[in-house]
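What follows is target_17.txt (compact mmCIF, C-alpha atoms).
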```
# COMPACT_ATOMS: atom_id res chain seq x y z
CA MET A 261 25.88 5.17 -27.30
CA ALA A 262 22.96 6.50 -25.27
CA ALA A 263 22.23 4.89 -21.90
CA ARG A 264 18.69 4.35 -20.64
CA ILE A 265 16.55 4.25 -17.50
CA LEU A 266 13.05 2.75 -17.34
CA HIS A 267 10.62 4.46 -14.94
CA VAL A 268 7.34 3.11 -13.54
CA SER A 269 5.22 4.18 -10.59
CA ASP A 270 1.95 3.52 -8.78
CA LEU A 271 1.59 -0.22 -9.38
CA HIS A 272 -0.98 -0.52 -6.55
CA VAL A 273 -0.35 -4.25 -6.23
CA GLY A 274 -3.23 -5.85 -4.37
CA ARG A 275 -5.90 -3.89 -6.20
CA ARG A 276 -7.17 -4.81 -9.69
CA GLU A 277 -3.94 -6.33 -11.04
CA ALA A 278 -3.78 -7.17 -14.74
CA PRO A 279 -1.08 -9.35 -16.36
CA GLY A 280 -1.14 -7.63 -19.76
CA PRO A 281 0.69 -4.42 -18.86
CA PHE A 282 3.52 -6.32 -17.13
CA ALA A 283 3.98 -8.56 -20.17
CA ALA A 284 4.26 -5.39 -22.27
CA LEU A 285 6.71 -3.91 -19.77
CA ARG A 286 8.89 -7.01 -20.09
CA GLU A 287 8.89 -6.54 -23.87
CA LEU A 288 9.87 -2.88 -23.41
CA VAL A 289 12.81 -3.95 -21.24
CA VAL A 290 14.01 -6.29 -23.99
CA ARG A 291 13.78 -3.52 -26.60
CA GLN A 292 15.32 -0.70 -24.56
CA GLU A 293 17.88 -2.62 -22.45
CA PRO A 294 17.82 -0.10 -19.58
CA GLU A 295 20.64 0.11 -17.08
CA LEU A 296 18.21 0.69 -14.21
CA LEU A 297 14.51 0.43 -13.39
CA LEU A 298 13.13 3.25 -11.21
CA ALA A 299 9.95 2.51 -9.24
CA THR A 300 8.70 5.68 -7.56
CA GLY A 301 6.23 4.50 -4.98
CA ASP A 302 2.69 3.29 -4.39
CA LEU A 303 3.92 -0.15 -5.36
CA ALA A 304 1.41 -1.62 -2.87
CA HIS A 305 -2.18 -0.55 -2.37
CA ARG A 306 -2.48 -0.81 1.42
CA GLY A 307 1.16 -1.16 2.49
CA ARG A 308 0.82 -4.84 3.42
CA ARG A 309 3.92 -7.01 3.43
CA SER A 310 2.34 -9.47 0.99
CA GLU A 311 1.63 -6.63 -1.46
CA LEU A 312 5.14 -5.23 -1.17
CA GLU A 313 6.67 -8.68 -1.63
CA ARG A 314 4.56 -9.26 -4.72
CA ALA A 315 5.56 -5.86 -6.14
CA ALA A 316 9.24 -6.59 -5.52
CA GLU A 317 8.88 -9.97 -7.24
CA LEU A 318 7.21 -8.45 -10.30
CA LEU A 319 9.91 -5.80 -10.65
CA GLN A 320 12.87 -8.08 -10.02
CA ASN A 321 11.57 -10.61 -12.56
CA LEU A 322 12.11 -8.02 -15.28
CA GLY A 323 15.83 -8.77 -15.06
CA VAL A 324 17.00 -5.18 -14.45
CA ALA A 325 18.58 -3.57 -11.39
CA VAL A 326 15.78 -1.89 -9.39
CA LEU A 327 15.82 1.32 -7.34
CA ALA A 328 12.54 1.78 -5.46
CA VAL A 329 11.27 4.53 -3.16
CA PRO A 330 8.01 4.43 -1.14
CA GLY A 331 4.75 6.22 -1.83
CA ASN A 332 1.89 7.14 0.49
CA HIS A 333 0.16 3.78 -0.21
CA ASP A 334 3.28 1.82 0.80
CA ILE A 335 2.90 2.53 4.51
CA PRO A 336 0.25 0.97 6.78
CA TYR A 337 -3.28 2.14 6.16
CA THR A 338 -4.49 1.38 9.69
CA LEU A 339 -3.68 2.88 13.09
CA PRO A 340 -1.49 2.81 15.09
CA ALA A 341 0.91 1.04 12.68
CA ARG A 342 0.80 3.98 10.26
CA PHE A 343 2.68 6.04 12.85
CA THR A 344 4.48 3.43 14.96
CA ARG A 345 5.77 1.16 12.15
CA THR A 346 5.64 3.52 9.20
CA LEU A 347 8.43 2.01 7.09
CA ALA A 348 8.94 -1.34 8.83
CA GLU A 349 7.39 -3.50 6.10
CA TRP A 350 8.90 -1.43 3.30
CA GLU A 351 12.39 -1.79 4.74
CA ARG A 352 11.85 -5.49 5.35
CA VAL A 353 11.23 -5.97 1.63
CA PHE A 354 13.30 -3.22 -0.03
CA GLU A 355 15.92 -2.69 2.74
CA THR A 356 15.92 1.11 2.57
CA ALA A 357 13.54 3.95 1.73
CA GLU A 358 16.40 6.09 0.37
CA PRO A 359 18.55 3.96 -1.95
CA VAL A 360 21.43 5.28 -4.05
CA TYR A 361 22.64 3.86 -7.35
CA ALA A 362 25.99 4.80 -8.87
CA SER A 363 27.85 3.75 -11.99
CA GLU A 364 30.30 5.42 -14.34
CA ARG A 365 27.48 7.00 -16.33
CA LEU A 366 24.65 7.37 -13.82
CA VAL A 367 24.01 8.48 -10.24
CA VAL A 368 20.48 8.20 -8.81
CA VAL A 369 19.49 9.38 -5.33
CA GLY A 370 16.21 8.01 -3.99
CA LEU A 371 14.28 10.13 -1.49
CA ASN A 372 11.44 9.22 0.86
CA SER A 373 8.84 11.98 0.51
CA VAL A 374 6.15 10.08 2.46
CA ARG A 375 4.83 11.53 5.70
CA PRO A 376 2.25 9.46 7.64
CA TRP A 377 0.18 12.52 8.59
CA ARG A 378 -0.04 13.65 4.95
CA GLN A 379 -2.03 11.26 2.76
CA GLN A 380 -1.54 13.26 -0.42
CA SER A 381 1.23 15.87 -0.29
CA GLY A 382 4.59 14.66 0.97
CA ARG A 383 7.60 16.60 2.12
CA LEU A 384 11.41 16.53 2.18
CA ARG A 385 13.51 17.57 5.16
CA GLU A 386 16.52 19.85 4.91
CA THR A 387 18.73 16.96 6.00
CA GLN A 388 17.49 14.87 3.06
CA LEU A 389 18.26 17.66 0.62
CA ALA A 390 21.70 18.17 2.14
CA ARG A 391 22.46 14.44 1.86
CA THR A 392 21.32 14.50 -1.77
CA ALA A 393 23.76 17.30 -2.50
CA GLU A 394 26.58 15.21 -1.01
CA HIS A 395 25.75 12.25 -3.24
CA LEU A 396 25.62 14.46 -6.35
CA ARG A 397 28.78 16.41 -5.55
CA ASP A 398 31.52 14.03 -6.72
CA VAL A 399 30.26 12.00 -9.64
CA PRO A 400 32.08 10.68 -12.71
CA ALA A 401 32.45 13.19 -15.53
CA GLY A 402 29.43 13.06 -17.82
CA ALA A 403 27.35 10.91 -15.47
CA LEU A 404 23.64 11.77 -15.40
CA ARG A 405 22.49 13.05 -11.99
CA VAL A 406 18.98 11.90 -11.11
CA VAL A 407 16.73 12.30 -8.07
CA ALA A 408 13.74 9.96 -7.60
CA LEU A 409 10.82 10.42 -5.20
CA HIS A 410 7.12 9.63 -5.14
CA HIS A 411 5.47 13.04 -4.90
CA HIS A 412 5.57 15.05 -8.09
CA LEU A 413 7.08 18.48 -8.57
CA ALA A 414 5.31 19.01 -11.91
CA ALA A 415 1.97 17.52 -12.94
CA PRO A 416 -0.99 17.98 -15.26
CA PRO A 417 -3.21 20.80 -13.91
CA TRP A 418 -6.40 18.75 -14.22
CA ARG A 419 -5.34 16.51 -11.32
CA ALA A 420 -4.01 19.30 -9.10
CA ARG A 421 -7.05 19.45 -6.80
CA ARG A 422 -6.75 15.95 -5.31
CA LYS A 423 -3.20 14.94 -6.17
CA ARG A 424 -1.16 17.62 -4.46
CA PRO A 425 2.49 18.14 -5.38
CA LEU A 426 5.36 17.96 -2.93
CA ARG A 427 4.87 20.44 -0.10
CA GLY A 428 7.59 23.06 -0.23
CA ARG A 429 8.47 22.11 -3.79
CA ASP A 430 9.93 25.54 -4.62
CA THR A 431 12.52 25.16 -1.86
CA ALA A 432 13.18 21.55 -2.83
CA LEU A 433 13.60 22.44 -6.49
CA GLN A 434 16.05 25.23 -5.70
CA SER A 435 18.09 22.91 -3.50
CA LEU A 436 18.17 20.12 -6.08
CA ALA A 437 19.11 22.54 -8.85
CA THR A 438 21.96 23.96 -6.75
CA ALA A 439 23.13 20.39 -6.06
CA GLY A 440 23.42 19.76 -9.80
CA ALA A 441 20.45 17.46 -10.39
CA GLU A 442 19.60 17.15 -14.08
CA LEU A 443 16.50 14.96 -13.89
CA VAL A 444 13.93 14.73 -11.06
CA VAL A 445 11.35 11.97 -11.45
CA GLY A 446 8.18 11.05 -9.59
CA GLY A 447 4.69 9.59 -9.85
CA HIS A 448 1.65 9.94 -7.56
CA VAL A 449 -0.60 11.79 -9.99
CA HIS A 450 -1.31 8.81 -12.32
CA GLN A 451 -0.72 10.92 -15.42
CA ALA A 452 2.42 11.89 -17.31
CA ALA A 453 3.91 15.38 -17.41
CA ILE A 454 7.30 16.60 -18.62
CA ALA A 455 8.64 20.07 -17.85
CA GLU A 456 11.97 21.84 -17.97
CA ARG A 457 12.74 24.33 -15.22
CA ARG A 458 13.20 27.27 -17.58
CA GLU A 459 9.70 26.73 -18.97
CA PHE A 460 8.13 28.01 -15.74
CA GLU A 461 10.95 29.84 -13.92
CA ALA A 462 12.95 32.70 -15.42
CA LEU A 463 16.68 31.93 -15.34
CA GLU A 464 18.19 34.62 -17.59
CA ASP A 465 21.30 34.84 -15.41
CA GLY A 466 21.22 31.24 -14.21
CA PRO A 467 22.56 27.91 -15.43
CA ARG A 468 22.22 26.92 -19.08
CA GLY A 469 22.00 23.15 -18.60
CA SER A 470 18.58 21.55 -18.30
CA LEU A 471 16.79 20.49 -15.15
CA VAL A 472 14.01 18.19 -16.32
CA LEU A 473 11.00 17.31 -14.12
CA ALA A 474 9.34 14.08 -15.25
CA THR A 475 6.15 12.61 -13.82
CA VAL A 476 5.17 9.17 -15.10
CA ALA A 477 1.66 7.83 -15.60
CA GLY A 478 0.54 5.23 -13.06
CA PHE A 479 1.19 1.63 -14.05
CA GLY A 480 -1.71 0.25 -12.06
CA ARG A 481 -5.31 1.38 -12.29
CA PRO A 482 -6.82 0.86 -8.82
CA ARG A 483 -9.85 3.06 -9.51
CA PRO A 484 -11.06 2.43 -13.07
CA HIS A 485 -14.07 4.72 -12.58
CA ARG A 486 -11.71 7.72 -12.73
CA ARG A 487 -11.87 8.91 -16.30
CA GLY A 488 -8.65 9.94 -18.00
CA GLU A 489 -6.32 7.98 -15.75
CA ALA A 490 -3.63 6.73 -18.11
CA ARG A 491 -1.27 3.78 -17.60
CA GLY A 492 2.28 3.86 -18.85
CA ALA A 493 6.03 4.14 -18.37
CA ASN A 494 8.85 6.56 -19.18
CA VAL A 495 12.23 5.83 -20.71
CA TYR A 496 15.07 8.31 -20.15
CA GLY A 497 18.00 8.20 -22.52
CA TRP A 498 21.10 10.33 -22.40
CA ASP A 499 24.52 10.94 -23.86
CA GLU A 500 27.03 13.70 -23.25
CA ASP A 501 24.91 16.24 -25.13
CA ALA A 502 21.25 15.59 -24.34
CA ILE A 503 18.55 13.93 -22.25
CA THR A 504 15.63 12.36 -24.08
CA VAL A 505 12.34 11.55 -22.33
CA THR A 506 10.09 9.07 -24.13
CA THR A 507 6.62 8.33 -22.77
CA TYR A 508 4.83 5.03 -23.38
CA ALA A 509 1.09 4.52 -22.89
CA TRP A 510 -0.85 1.29 -22.43
CA ASP A 511 -3.37 1.04 -25.27
CA GLY A 512 -5.07 -2.16 -24.21
CA SER A 513 -2.68 -4.46 -26.03
CA GLY A 514 0.78 -3.02 -25.51
CA LEU A 515 2.93 -0.06 -24.51
CA SER A 516 3.16 2.30 -27.48
CA GLU A 517 5.25 5.46 -27.72
CA SER A 518 3.08 8.51 -27.12
CA GLY A 519 5.62 11.33 -27.01
CA ARG A 520 9.28 12.28 -26.98
CA ARG A 521 11.18 15.37 -25.86
CA THR A 522 14.89 16.11 -25.92
CA PHE A 523 16.74 18.56 -23.63
CA SER A 524 20.28 19.86 -23.92
CA ARG A 525 22.74 18.97 -21.14
CA ARG A 526 25.13 21.78 -22.11
```

Full structure transcribed into structure tokens:
Amino acid sequence: MAARILHVSDLHVGRREAPGPFAALRELVVRQEPELLLATGDLAHRGRRSELERAAELLQNLGVAVLAVPGNHDIPYTLPARFTRTLAEWERVFETAEPVYASERLVVVGLNSVRPWRQQSGRLRETQLARTAEHLRDVPAGALRVVALHHHLAAPPWRARRKRPLRGRDTALQSLATAGAELVVGGHVHQAAIAERREFEALEDGPRGSLVLATVAGFGRPRPHRRGEARGANVYGWDEDAITVTTYAWDGSGLSESGRRTFSRR
């Protein structure tokens, strides 16, 4: 039987919250019965403790284990706290900025890509990538190997000007691929995009298994004047043969399936 992960990002709690999408998300949880909920950053709008606490409450009330990593809006907006207490409130609420989840069929490594001097593009250090490789090295046979961070590695080109991808993403992607990651997920761009590594990088002599890059649409809509900014969630299902990515979009009354792609794990 296929296992599932539910993925949301960019809630922006504290700015233009709406109850409808969360009610629909709760219904999606009931239908899909995910093992884990991934929340890839910008859960708060200005990084305030009250916003982070509210975001944690909303996610935990869904009744699923939660793995959350911070986004650039989850750290203080004002100085000097942005630099002197960058992750203090986040860690007070979520305990760690780099959580790890492991079960017999799933290993997820959360990474903090936020840098206080970079409002848009984040970055990963070599030590973070090395630690990720350690976590992915000895996993149960057949377990899906996932990496979660806020800043996207693949995104729709029409948001590339303002929403920059992870700085040094080529190096990061090579490191994660070498470590055996099969699925790398993020948010930040507020629109969904699914890509497989071989679709943009020639690997004639390389590995045959898939490395899927999945960016999820934002779940909040803090700036409704931006046209084309979708709201939604992703569901990742897998078995020993394949990974399936299903995207769901908010249509004003519920979360409806908008697309599905399947990738071989072999």

(request) Quick one: everything within 7 Å of range 313-322 of chain A, counting only C-alpha atoms, minus sequence neighbours fewer than 6 positions away in the same chain. Send it as an NGL selection string. (result) :A and (273 or 286 or 303-304 or 353)

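Candidate residues A:Val329, A:Ala439, A:Leu389, A:Val476 were compared for distance to Glu358 in chain A, and the nearest is A:Val329, using all atoms listed in the file.
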
(request) Take CA of Glu277 in chain A and CA of Ala299 in chain A and report the distance between them in Å, one decimal. (result)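 We find that CA of Glu277 in chain A and CA of Ala299 in chain A lie 16.6 Å from each other.
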
(message) Can you tell me which residues surround His412 in chain A at a distance of at most 6 Å, considering all atoms listed in the file, apart from same-chain residues fewer than 4 positions away, and format the answer as a ChimeraX atom specification?
(response) /A:425-426,446-447

(request) Go through A:Gly497, A:Gly323, A:Pro294, A:Gly480 one by one, measure the shortest atom-to-atom distance of each to Ser524 in chain A using all atoms listed in the file, and give the residue with the smallest value. (result) A:Gly497

(request) Pick out the closest residue to Arg405 in chain A from this set: A:Trp350, A:Phe479, A:Trp498, A:Trp510. Count all atoms listed in the file. (result)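 Going through A:Trp350, A:Phe479, A:Trp498, A:Trp510 one by one, the smallest distance to Arg405 in chain A is for A:Trp498.
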
(message) Counting all atoms listed in the file, which residues have an atom no more than 10 Å from (10.6, -6.7, -21.2) in the file's coordinates? Please list them as a ChimeraX atom specification.
(response) /A:282-294,321-324

(request) Can you work out the spacing between CA of Asp499 in chain A and CA of Thr300 in chain A in Å, to one decimal? (result) 23.3 Å

(message) Within 10 Å of (17.3, 9.6, -11.6) in the file's own coordinates, which protein, DNA or RNA residues have an atom, counting all atoms listed in the file? List them as a VMD selection string.
(response) chain A and resid 265 to 267 296 to 298 327 360 to 361 366 to 370 404 to 409 441 to 446 474 496

(request) Could you tell me how far CA of Ile335 in chain A lies from CA of Val472 in chain A, in Å and to one decimal? (result)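 Result for CA of Ile335 in chain A versus CA of Val472 in chain A: 28.3 Å, one decimal.
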
(message) I'd like the contact shell of Thr438 in chain A - 12 Å cut-off, only C-alpha atoms, skipping same-chain residues fewer than 4 positions apart - returned as an MDAnalysis selection string.
(response) chainID A and resid 389:390 392:394 396:397 431:434 442 466:467 469 471
